[in-house]
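Asks: Here it is, the structure in full.
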Amino acid sequence: MNRITGVLKLHSRDKWSWIYIPAIVLFSSFVVNLIVSFLFMNQEDMYTGGLTSIVIYLFVAGIIVVGKTFPFAIGMSIRRIDYFIGSAIIGMISSAFFTSLIFLFAQLEKQTNGWGTRLHFFHFPYVNDGTLLEQFILYMILFLNMFFLGFLIASYSRRFGRKGMFIGAMAFLLIGSIAVFLVHHFEAWGSIFSWFASQTAVQIAYWLVPFTLLYLLGSYRMLRRAVI
Amino acid sequence: MKNVIEVKQLNKSYGKFNAIHDTSFTMQADKIYGLLGRNGAGKTTLMKMITAQIFPTSGDLKVFGGNPYENANVLSQICFIKESQKYPDHYNILDVLDVSKSIFPNWDVDFSRLLIEDFNLPLKRRIKKLSRGMLSAVGIVIGLASRAPLTIFDEPYLGLDAVSRGLFYDHLMEDYVKHPRTVILSTHLIDEVSNLLEHILVIDNGKLIIDQDAEELRGKAFTVTGQTSKVEAFLIGKETVHREPFGGLLSATVIRNQNGSDQKQAEANGLEISPVSLQQLIVHLTSGKSEQKGAMAK
Amino acid sequence: MNNLIDDGRPIFVQIAERIEDDIIEGGLPEEAQVPSTNQFAAFYKINPATAAKGVNLLVDEGILYKKRGIGMFVAEGARTKVIEKRKEQFFEEYVITMIREAEKLGITADQLTDMIQRGDNKR
């Protein structure tokens, strides 16, 4: 347990990667959009995809954290499992932090009718249709999913190196192509779309949970045998 | 005495390349060991296996009585400072010290401060911006202040000047006397450290060729010089590790026999005797030229 | 790295010799306390275990003795013992070598005695 705190400390020393940079990315995008919405103020709602920046940032954070800290941690006699648990906790804390932030701003945006300019930056129809709790859970799952997907890719790369990454990417493309081909062949596109349409946003988010757990399990398996 | 490290028939291969070949040895508690050998001989590979940073291909490895892999009890007693230690990019020296403090159970804050002052390290400077020598000094500070029961220094002084290296040896010995622990110094600067070592292991091409008490090793060989024919006559039946002709003269380094009678014999034959330093002996044994390689492995 | 110690011979032997020198020259009179092994280690920059080996060598020869919990002391009659030992070494290291070299150069025993006399006068 003692060593997990060490890993938490190790990560928390990097406030830039975990808080400042993503906050800057998110809010600079928000400010730009807000200014734009002021300049072009009309009676129509304005929608932006600015929020995806933070989603992508968490994915990237999951990728870079391993390369940045794994060799240091193992070099400091930290167990792989402790590194894994500590890093996963940091990923969760970071996800929870940004979920809360976005949740708060979404409510504000809703109350102020889009900051007075009908801007939709944090609050969207469909996505924010559910209860408050559901809205919170949705972002939390989304962020965790993105972070651990990045973490899995980086762990895979740690374990199998460049050659492994190439083979992995090829395998992914191949399986993807076969899947698309099969869907096409059986003319299943329609039913897939109608399935998605029948689900609420949070229901779709729930479907990400098993994937996220798989990423977690996968990254642990990789890191366990990773060397420096 | 308690064994800190027990290695039995350890192998590590990368494809067809044997980085460590069938190596067995033990290391006892609270001694200072020298792990010597040329660059690329396999020293770092061996230490990385001991600290579970890489995995052996085969063989048995016990550290503090257990397998070090994912073993909290074992790993928490180890501090391994290697030349290529990586630090997170954005870290400054203070960050490294703070993290080390929360990782190593025996960390001594005051001692770390003292070392930082002695090595003139700028606490707030980023690791990325440190000179090679300063980076090495950071490693040395961690290694010493961690007071880990097994402390390993792998070529810890790249880029450090003679003064700073002296500082390192002084602090190491001073602190070792106060807080005895097992120390492994891996280096090719044998002359500088040889007096500090109690026991010496030499690795050459992935094989352990010497595993001996430093003192025994020190008087182990001597050099005879004289007329080629006389020296050749003397060398018959002796373990020769090095020979160097010079005009009509021959200079040869031989392993002393048990009772030292061969030195007397050489003196009686009118041959010039000179001592062989540890550095010279090990260079001879690992230079790849000697006909008696591994002569001392037994 | 350290001129006080030469690397070609076992260090513990050299440490023992240093202590013996001190005893002969009076720096360490009988019943005087000998520096601790850690002090030797710090001064000569050597491993404490090696220093201890040197000290123990002299304990075995009865030149030093151990007071439990206090330290090492010069034994009674140590100086005489050391001088006797050194005389024997002197014979081995210098006299034998000298005679051997003299033989090589064709110096007779009488000439050698003469030379020693001359050297003594020159002092």
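Ordered as shown in the structure tokens, chains take letters A, B, and onward, while each chain numbers its residues from 1 and ligands are numbered from 1 in the order shown.
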Using only C-alpha atoms and a distance of at most 12 Å, pull out the residues of chain C that contact chain B, as an mmCIF file with N, CA and C atoms, in the first residue's frame.
Replies:
data_model
loop_
_atom_site.group_PDB
_atom_site.id
_atom_site.type_symbol
_atom_site.label_atom_id
_atom_site.label_comp_id
_atom_site.auth_asym_id
_atom_site.auth_seq_id
_atom_site.Cartn_x
_atom_site.Cartn_y
_atom_site.Cartn_z
ATOM 1 N N MET C 1 44.424 6.018 -6.500
ATOM 2 C CA MET C 1 43.645 7.092 -5.898
ATOM 3 C C MET C 1 44.235 7.502 -4.571
ATOM 4 N N ASN C 2 45.041 6.603 -3.985
ATOM 5 C CA ASN C 2 45.577 6.892 -2.661
ATOM 6 C C ASN C 2 47.026 6.410 -2.601
ATOM 7 N N ASN C 3 47.950 7.357 -2.382
ATOM 8 C CA ASN C 3 49.361 7.010 -2.453
ATOM 9 C C ASN C 3 49.831 6.224 -1.242
ATOM 10 N N LEU C 4 49.051 6.253 -0.183
ATOM 11 C CA LEU C 4 49.476 5.591 1.040
ATOM 12 C C LEU C 4 49.400 4.071 0.893
ATOM 13 N N ILE C 5 48.553 3.640 -0.024
ATOM 14 C CA ILE C 5 48.332 2.218 -0.194
ATOM 15 C C ILE C 5 48.810 1.840 -1.590
ATOM 16 N N ASP C 6 49.613 0.774 -1.689
ATOM 17 C CA ASP C 6 49.944 0.364 -3.061
ATOM 18 C C ASP C 6 49.109 -0.846 -3.426
ATOM 19 N N ASP C 7 48.681 -0.851 -4.667
ATOM 20 C CA ASP C 7 47.607 -1.754 -5.055
ATOM 21 C C ASP C 7 48.085 -3.163 -5.387
ATOM 22 N N GLY C 8 49.400 -3.362 -5.407
ATOM 23 C CA GLY C 8 49.891 -4.664 -5.846
ATOM 24 C C GLY C 8 49.942 -5.713 -4.747
ATOM 25 N N ARG C 9 49.788 -5.251 -3.487
ATOM 26 C CA ARG C 9 49.874 -6.194 -2.365
ATOM 27 C C ARG C 9 48.592 -6.123 -1.553
ATOM 28 N N PRO C 10 48.285 -7.190 -0.829
ATOM 29 C CA PRO C 10 47.074 -7.143 0.007
ATOM 30 C C PRO C 10 47.110 -5.946 0.942
ATOM 31 N N ILE C 11 45.996 -5.232 1.048
ATOM 32 C CA ILE C 11 45.970 -4.011 1.850
ATOM 33 C C ILE C 11 46.094 -4.317 3.336
ATOM 34 N N PHE C 12 45.513 -5.445 3.759
ATOM 35 C CA PHE C 12 45.543 -5.712 5.199
ATOM 36 C C PHE C 12 46.974 -5.897 5.698
ATOM 37 N N VAL C 13 47.829 -6.445 4.828
ATOM 38 C CA VAL C 13 49.238 -6.599 5.187
ATOM 39 C C VAL C 13 49.874 -5.218 5.352
ATOM 40 N N GLN C 14 49.497 -4.303 4.461
ATOM 41 C CA GLN C 14 50.063 -2.958 4.526
ATOM 42 C C GLN C 14 49.583 -2.218 5.778
ATOM 43 N N SER C 36 40.448 2.799 15.697
ATOM 44 C CA SER C 36 39.467 1.766 15.351
ATOM 45 C C SER C 36 39.553 1.437 13.864
ATOM 46 N N THR C 37 38.990 0.289 13.511
ATOM 47 C CA THR C 37 39.024 -0.102 12.090
ATOM 48 C C THR C 37 38.305 0.925 11.231
ATOM 49 N N ASN C 38 37.246 1.516 11.779
ATOM 50 C CA ASN C 38 36.537 2.535 11.008
ATOM 51 C C ASN C 38 37.397 3.766 10.773
ATOM 52 N N GLN C 39 38.224 4.109 11.788
ATOM 53 C CA GLN C 39 39.131 5.241 11.596
ATOM 54 C C GLN C 39 40.179 4.914 10.534
ATOM 55 N N PHE C 40 40.683 3.690 10.585
ATOM 56 C CA PHE C 40 41.621 3.269 9.535
ATOM 57 C C PHE C 40 40.965 3.355 8.166
ATOM 58 N N ALA C 41 39.724 2.843 8.112
ATOM 59 C CA ALA C 41 39.007 2.820 6.834
ATOM 60 C C ALA C 41 38.825 4.230 6.295
ATOM 61 N N ALA C 42 38.447 5.155 7.173
ATOM 62 C CA ALA C 42 38.211 6.519 6.731
ATOM 63 C C ALA C 42 39.521 7.185 6.301
ATOM 64 N N PHE C 43 40.588 6.939 7.070
ATOM 65 C CA PHE C 43 41.851 7.610 6.783
ATOM 66 C C PHE C 43 42.479 7.095 5.483
ATOM 67 N N TYR C 44 42.536 5.800 5.327
ATOM 68 C CA TYR C 44 43.178 5.243 4.140
ATOM 69 C C TYR C 44 42.208 5.034 2.981
ATOM 70 N N LYS C 45 40.936 5.344 3.182
ATOM 71 C CA LYS C 45 39.901 5.129 2.157
ATOM 72 C C LYS C 45 39.881 3.666 1.706
ATOM 73 N N ILE C 46 39.756 2.819 2.696
ATOM 74 C CA ILE C 46 39.693 1.393 2.389
ATOM 75 C C ILE C 46 38.472 0.795 3.064
ATOM 76 N N ASN C 47 38.163 -0.429 2.670
ATOM 77 C CA ASN C 47 37.021 -1.124 3.253
ATOM 78 C C ASN C 47 37.300 -1.452 4.721
ATOM 79 N N PRO C 48 36.345 -1.172 5.617
ATOM 80 C CA PRO C 48 36.565 -1.452 7.039
ATOM 81 C C PRO C 48 36.875 -2.919 7.317
ATOM 82 N N ALA C 49 36.302 -3.804 6.538
ATOM 83 C CA ALA C 49 36.560 -5.232 6.741
ATOM 84 C C ALA C 49 38.037 -5.541 6.475
ATOM 85 N N THR C 50 38.598 -4.842 5.500
ATOM 86 C CA THR C 50 40.010 -5.034 5.180
ATOM 87 C C THR C 50 40.883 -4.514 6.320
ATOM 88 N N ALA C 51 40.512 -3.335 6.840
ATOM 89 C CA ALA C 51 41.259 -2.762 7.958
ATOM 90 C C ALA C 51 41.205 -3.711 9.150
ATOM 91 N N ALA C 52 40.030 -4.262 9.390
ATOM 92 C CA ALA C 52 39.856 -5.185 10.512
ATOM 93 C C ALA C 52 40.755 -6.413 10.340
ATOM 94 N N LYS C 53 40.889 -6.847 9.110
ATOM 95 C CA LYS C 53 41.728 -8.005 8.822
ATOM 96 C C LYS C 53 43.186 -7.716 9.185
ATOM 97 N N GLY C 54 43.627 -6.487 8.873
ATOM 98 C CA GLY C 54 44.993 -6.086 9.194
ATOM 99 C C GLY C 54 45.206 -6.050 10.699
ATOM 100 N N GLU C 92 65.696 -11.458 5.048
ATOM 101 C CA GLU C 92 65.121 -12.047 3.836
ATOM 102 C C GLU C 92 65.130 -11.053 2.676
ATOM 103 N N GLU C 93 64.638 -9.845 2.966
ATOM 104 C CA GLU C 93 64.394 -8.896 1.881
ATOM 105 C C GLU C 93 65.645 -8.174 1.416
ATOM 106 N N ILE C 96 69.627 -11.102 1.737
ATOM 107 C CA ILE C 96 69.645 -12.148 0.713
ATOM 108 C C ILE C 96 69.718 -11.526 -0.681
ATOM 109 N N THR C 97 68.903 -10.498 -0.879
ATOM 110 C CA THR C 97 68.889 -9.836 -2.186
ATOM 111 C C THR C 97 70.253 -9.222 -2.483
ATOM 112 N N MET C 98 70.842 -8.640 -1.440
ATOM 113 C CA MET C 98 72.132 -7.988 -1.610
ATOM 114 C C MET C 98 73.196 -9.025 -1.992
ATOM 115 N N ILE C 99 73.174 -10.126 -1.291
ATOM 116 C CA ILE C 99 74.184 -11.156 -1.567
ATOM 117 C C ILE C 99 74.021 -11.688 -2.984
ATOM 118 N N ARG C 100 72.764 -11.839 -3.380
ATOM 119 C CA ARG C 100 72.484 -12.356 -4.716
ATOM 120 C C ARG C 100 73.031 -11.397 -5.776
ATOM 121 N N GLU C 101 72.756 -10.104 -5.566
ATOM 122 C CA GLU C 101 73.203 -9.087 -6.512
ATOM 123 C C GLU C 101 74.735 -9.016 -6.527
ATOM 124 N N ALA C 102 75.319 -9.142 -5.321
ATOM 125 C CA ALA C 102 76.781 -9.101 -5.207
ATOM 126 C C ALA C 102 77.400 -10.241 -6.007
ATOM 127 N N GLU C 103 76.798 -11.391 -5.896
ATOM 128 C CA GLU C 103 77.263 -12.562 -6.621
ATOM 129 C C GLU C 103 77.299 -12.286 -8.117
ATOM 130 N N LYS C 104 76.199 -11.650 -8.580
ATOM 131 C CA LYS C 104 76.052 -11.347 -10.001
ATOM 132 C C LYS C 104 77.207 -10.454 -10.480
#
Asks: Which residues, written as number ranges by chain, have at least one atom at most 12 Å from B:Ser84, with only C-alpha atoms counted and residues fewer than 6 positions away on the same chain left out?
Replies: A: 71-72, 75, 228; B: 44, 48, 132, 135-136, 139, 153-158
Asks: Quick one: write out the picked residues with C-alpha atoms as a compact mmCIF listing (two decimals), in the first residue's frame?
Replies:
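Listed below is the output, result.txt:
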# COMPACT_ATOMS: atom_id res chain seq x y z
CA PRO A 71 10.73 3.41 -16.61
CA PHE A 72 11.22 5.80 -13.70
CA GLY A 75 13.87 2.01 -11.85
CA ILE A 228 12.76 -1.35 -19.05
CA THR B 44 23.91 -4.20 -16.27
CA LYS B 48 18.56 -5.65 -13.98
CA ARG B 132 25.59 14.76 -17.47
CA LEU B 135 22.49 13.88 -13.51
CA SER B 136 24.96 11.33 -12.23
CA GLY B 139 21.63 9.28 -8.88
CA PHE B 153 25.49 1.61 -8.31
CA ASP B 154 25.93 0.84 -11.98
CA GLU B 155 28.59 3.14 -13.48
CA PRO B 156 27.23 5.94 -11.33
CA TYR B 157 29.69 8.66 -12.23
CA LEU B 158 29.53 9.35 -15.93
Asks: Looking at A:Val227, A:Ile102, A:Leu133, A:Ala96, which one is nearest to chain B, with distances taken over only C-alpha atoms?
Replies: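 Of all the options, A:Val227 lies closest to chain B.
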Asks: Would you please give, as a PyMOL selection string, all residues of stretch 7-182 of chain A that DSSP assigns to alpha helix (DSSP H) based on the backbone?
Replies: chain A and resi 7-12+15+21-39+52-75+80-111+132-182
Asks: Taking only C-alpha atoms into account, which of B:Tyr91, B:Phe234, B:Phe17, B:Phe64 comes nearest chain A?
Replies: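 When distances to chain A are compared using only C-alpha atoms, the smallest one comes from B:Tyr91.
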Asks: Taking only C-alpha atoms into account and nothing else, which residues of chain A lie no more than 6 Å away from chain B? Please answer as a list in words.
Replies: Gly6, Leu10, Lys68, Thr69, Phe72, Ser77, Arg79 and Val227 of chain A
Asks: Selection from above, C-alpha atoms, as a PDB file, in the first residue's frame, can you write it?
Replies:
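Result saved to out_25.pdb:
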ATOM      1  CA  GLY A   6       4.565   6.532  -3.796  1.00  0.00           C
ATOM      2  CA  LEU A  10       5.039  10.340  -8.480  1.00  0.00           C
ATOM      3  CA  LYS A  68       6.834   9.097 -19.082  1.00  0.00           C
ATOM      4  CA  THR A  69       6.683   7.345 -15.744  1.00  0.00           C
ATOM      5  CA  PHE A  72      11.222   5.802 -13.704  1.00  0.00           C
ATOM      6  CA  SER A  77      12.104  -0.477  -7.310  1.00  0.00           C
ATOM      7  CA  ARG A  79       6.315  -3.211  -8.268  1.00  0.00           C
ATOM      8  CA  VAL A 227      10.691  -4.499 -19.024  1.00  0.00           C
TER       9      VAL A 227
END
Asks: Have a look at atom CA of B:Val202 and atom CA of B:Gly37 and let me know their distance in Å, one decimal.
Replies: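 If I compute the distance from atom CA of B:Val202 to atom CA of B:Gly37, I get 5.4 Å.
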Asks: As an exercise, work out the distance from atom CA of A:Gly168 to atom CA of A:Val60 in Å and give it to one decimal place.
Replies: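 Separating atom CA of A:Gly168 from atom CA of A:Val60 is a distance of 18.3 Å.
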Asks: Any chance you could list, as an MDAnalysis selection string, the residues in stretch 41-78 of chain B that come up strand (DSSP E or B) when DSSP is run on the backbone?
Replies: chainID B and resid 58:63 66 78
Asks: Quick one: residues within 9 Å of C:Leu28, only C-alpha atoms, excluding same-chain residues fewer than 6 positions away - as a PyMOL selection string?
Replies: chain C and resi 19-22+34+74
Asks: Store the residues picked out above in a file with all heavy atoms, as a compact mmCIF listing (two decimals), in the first residue's frame.
Replies:
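Listing of part11.txt after writing:
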# COMPACT_ATOMS: atom_id res chain seq x y z
N ILE C 19 50.91 -0.17 11.33
CA ILE C 19 50.77 -0.18 12.79
C ILE C 19 52.11 -0.59 13.42
O ILE C 19 52.58 0.01 14.39
CB ILE C 19 49.64 -1.14 13.22
CG1 ILE C 19 48.31 -0.68 12.61
CG2 ILE C 19 49.54 -1.21 14.75
CD1 ILE C 19 47.16 -1.63 12.81
N GLU C 20 52.74 -1.59 12.82
CA GLU C 20 54.05 -2.04 13.32
C GLU C 20 55.07 -0.91 13.29
O GLU C 20 55.82 -0.69 14.25
CB GLU C 20 54.55 -3.21 12.49
CG GLU C 20 53.81 -4.52 12.76
CD GLU C 20 54.26 -5.63 11.81
OE1 GLU C 20 55.08 -5.36 10.91
OE2 GLU C 20 53.79 -6.76 11.99
N ASP C 21 55.07 -0.17 12.16
CA ASP C 21 55.99 0.97 12.05
C ASP C 21 55.78 1.94 13.20
O ASP C 21 56.73 2.43 13.81
CB ASP C 21 55.76 1.72 10.72
CG ASP C 21 56.34 0.94 9.54
OD1 ASP C 21 57.15 0.03 9.78
OD2 ASP C 21 55.96 1.26 8.39
N ASP C 22 54.53 2.20 13.48
CA ASP C 22 54.19 3.14 14.54
C ASP C 22 54.66 2.64 15.90
O ASP C 22 55.08 3.42 16.75
CB ASP C 22 52.66 3.35 14.58
CG ASP C 22 52.29 4.78 14.24
OD1 ASP C 22 53.18 5.52 13.76
OD2 ASP C 22 51.12 5.16 14.45
N VAL C 34 44.91 1.67 19.86
CA VAL C 34 45.09 1.73 18.41
C VAL C 34 43.82 2.31 17.79
O VAL C 34 42.73 2.04 18.30
CB VAL C 34 45.34 0.29 17.88
CG1 VAL C 34 45.52 0.28 16.38
CG2 VAL C 34 46.56 -0.30 18.56
N VAL C 74 47.99 -1.83 22.30
CA VAL C 74 49.29 -2.44 22.04
C VAL C 74 49.66 -3.31 23.24
O VAL C 74 49.59 -2.88 24.38
CB VAL C 74 50.36 -1.34 21.83
CG1 VAL C 74 51.72 -1.98 21.55
CG2 VAL C 74 49.95 -0.42 20.70
Asks: For C:Glu30, work out the shell of residues within 8 Å, counting only C-alpha atoms and skipping chain neighbours fewer than 5 positions away, then give it as a PDB file with all heavy atoms, in the first residue's frame.
Replies:
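Once everything was written out, this is out33.pdb:
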ATOM      1  N   ILE C  23      54.550   1.334  16.068  1.00  0.00           N
ATOM      2  CA  ILE C  23      54.997   0.749  17.344  1.00  0.00           C
ATOM      3  C   ILE C  23      56.512   0.866  17.468  1.00  0.00           C
ATOM      4  O   ILE C  23      57.046   1.267  18.501  1.00  0.00           O
ATOM      5  CB  ILE C  23      54.542  -0.727  17.445  1.00  0.00           C
ATOM      6  CG1 ILE C  23      53.012  -0.789  17.560  1.00  0.00           C
ATOM      7  CG2 ILE C  23      55.196  -1.409  18.636  1.00  0.00           C
ATOM      8  CD1 ILE C  23      52.437  -2.185  17.530  1.00  0.00           C
ATOM      9  N   PHE C  73      44.443  -2.463  21.802  1.00  0.00           N
ATOM     10  CA  PHE C  73      45.574  -1.848  22.494  1.00  0.00           C
ATOM     11  C   PHE C  73      46.866  -2.575  22.146  1.00  0.00           C
ATOM     12  O   PHE C  73      46.841  -3.747  21.752  1.00  0.00           O
ATOM     13  CB  PHE C  73      45.340  -1.897  24.009  1.00  0.00           C
ATOM     14  CG  PHE C  73      44.201  -0.998  24.448  1.00  0.00           C
ATOM     15  CD1 PHE C  73      42.878  -1.444  24.358  1.00  0.00           C
ATOM     16  CD2 PHE C  73      44.437   0.295  24.890  1.00  0.00           C
ATOM     17  CE1 PHE C  73      41.824  -0.634  24.725  1.00  0.00           C
ATOM     18  CE2 PHE C  73      43.383   1.113  25.263  1.00  0.00           C
ATOM     19  CZ  PHE C  73      42.077   0.653  25.173  1.00  0.00           C
ATOM     20  N   VAL C  74      47.993  -1.829  22.299  1.00  0.00           N
ATOM     21  CA  VAL C  74      49.288  -2.436  22.042  1.00  0.00           C
ATOM     22  C   VAL C  74      49.659  -3.314  23.240  1.00  0.00           C
ATOM     23  O   VAL C  74      49.591  -2.875  24.384  1.00  0.00           O
ATOM     24  CB  VAL C  74      50.364  -1.342  21.828  1.00  0.00           C
ATOM     25  CG1 VAL C  74      51.721  -1.977  21.553  1.00  0.00           C
ATOM     26  CG2 VAL C  74      49.951  -0.419  20.696  1.00  0.00           C
ATOM     27  N   ALA C  75      50.046  -4.548  22.939  1.00  0.00           N
ATOM     28  CA  ALA C  75      50.338  -5.502  24.009  1.00  0.00           C
ATOM     29  C   ALA C  75      51.703  -5.214  24.630  1.00  0.00           C
ATOM     30  O   ALA C  75      52.543  -4.540  24.034  1.00  0.00           O
ATOM     31  CB  ALA C  75      50.306  -6.920  23.461  1.00  0.00           C
ATOM     32  N   GLU C  76      51.856  -5.747  25.802  1.00  0.00           N
ATOM     33  CA  GLU C  76      53.141  -5.631  26.489  1.00  0.00           C
ATOM     34  C   GLU C  76      54.185  -6.417  25.676  1.00  0.00           C
ATOM     35  O   GLU C  76      53.905  -7.517  25.216  1.00  0.00           O
ATOM     36  CB  GLU C  76      52.999  -6.210  27.897  1.00  0.00           C
ATOM     37  CG  GLU C  76      53.878  -5.543  28.931  1.00  0.00           C
ATOM     38  CD  GLU C  76      53.603  -6.115  30.306  1.00  0.00           C
ATOM     39  OE1 GLU C  76      52.430  -5.993  30.759  1.00  0.00           O
ATOM     40  OE2 GLU C  76      54.512  -6.699  30.892  1.00  0.00           O
ATOM     41  N   GLY C  77      55.347  -5.864  25.528  1.00  0.00           N
ATOM     42  CA  GLY C  77      56.408  -6.562  24.796  1.00  0.00           C
ATOM     43  C   GLY C  77      56.206  -6.559  23.297  1.00  0.00           C
ATOM     44  O   GLY C  77      56.885  -7.295  22.567  1.00  0.00           O
ATOM     45  N   ALA C  78      55.271  -5.743  22.829  1.00  0.00           N
ATOM     46  CA  ALA C  78      54.951  -5.741  21.399  1.00  0.00           C
ATOM     47  C   ALA C  78      56.132  -5.233  20.574  1.00  0.00           C
ATOM     48  O   ALA C  78      56.454  -5.778  19.519  1.00  0.00           O
ATOM     49  CB  ALA C  78      53.713  -4.883  21.138  1.00  0.00           C
ATOM     50  N   ARG C  79      56.775  -4.200  21.096  1.00  0.00           N
ATOM     51  CA  ARG C  79      57.843  -3.574  20.318  1.00  0.00           C
ATOM     52  C   ARG C  79      58.968  -4.579  20.051  1.00  0.00           C
ATOM     53  O   ARG C  79      59.441  -4.711  18.918  1.00  0.00           O
ATOM     54  CB  ARG C  79      58.377  -2.350  21.078  1.00  0.00           C
ATOM     55  CG  ARG C  79      59.350  -1.539  20.263  1.00  0.00           C
ATOM     56  CD  ARG C  79      59.485  -0.113  20.792  1.00  0.00           C
ATOM     57  NE  ARG C  79      60.370   0.636  19.911  1.00  0.00           N
ATOM     58  CZ  ARG C  79      61.689   0.671  20.066  1.00  0.00           C
ATOM     59  NH1 ARG C  79      62.266   0.017  21.056  1.00  0.00           N
ATOM     60  NH2 ARG C  79      62.419   1.351  19.206  1.00  0.00           N
TER      61      ARG C  79
END
Asks: Within 7 Å of B:Leu36, counting only C-alpha atoms, which residues qualify if same-chain residues fewer than 6 places away don't, as number ranges by chain?
Replies: B: 186-188, 201-203
Asks: Please produce an output containing N, CA, C and O atoms for each residue in the selection, written as a PDB file, in the first residue's frame.
Replies:
ATOM      1  N   SER B 186      29.331  -1.303  -9.660  1.00  0.00           N
ATOM      2  CA  SER B 186      29.698  -1.842 -10.959  1.00  0.00           C
ATOM      3  C   SER B 186      30.425  -0.756 -11.726  1.00  0.00           C
ATOM      4  O   SER B 186      29.932   0.359 -11.859  1.00  0.00           O
ATOM      5  N   THR B 187      31.594  -1.083 -12.211  1.00  0.00           N
ATOM      6  CA  THR B 187      32.391  -0.032 -12.831  1.00  0.00           C
ATOM      7  C   THR B 187      33.497  -0.607 -13.697  1.00  0.00           C
ATOM      8  O   THR B 187      33.827  -1.785 -13.594  1.00  0.00           O
ATOM      9  N   HIS B 188      34.036   0.234 -14.551  1.00  0.00           N
ATOM     10  CA  HIS B 188      35.275  -0.182 -15.199  1.00  0.00           C
ATOM     11  C   HIS B 188      36.457   0.675 -14.727  1.00  0.00           C
ATOM     12  O   HIS B 188      37.585   0.463 -15.131  1.00  0.00           O
ATOM     13  N   LEU B 201      33.693  -9.535  -8.145  1.00  0.00           N
ATOM     14  CA  LEU B 201      33.223 -10.432  -9.190  1.00  0.00           C
ATOM     15  C   LEU B 201      33.579  -9.799 -10.530  1.00  0.00           C
ATOM     16  O   LEU B 201      33.377  -8.601 -10.719  1.00  0.00           O
ATOM     17  N   VAL B 202      34.106 -10.614 -11.408  1.00  0.00           N
ATOM     18  CA  VAL B 202      34.447 -10.094 -12.736  1.00  0.00           C
ATOM     19  C   VAL B 202      33.662 -10.863 -13.774  1.00  0.00           C
ATOM     20  O   VAL B 202      33.627 -12.099 -13.767  1.00  0.00           O
ATOM     21  N   ILE B 203      33.018 -10.114 -14.639  1.00  0.00           N
ATOM     22  CA  ILE B 203      32.241 -10.727 -15.716  1.00  0.00           C
ATOM     23  C   ILE B 203      32.914 -10.422 -17.038  1.00  0.00           C
ATOM     24  O   ILE B 203      33.345  -9.289 -17.273  1.00  0.00           O
TER      25      ILE B 203
END
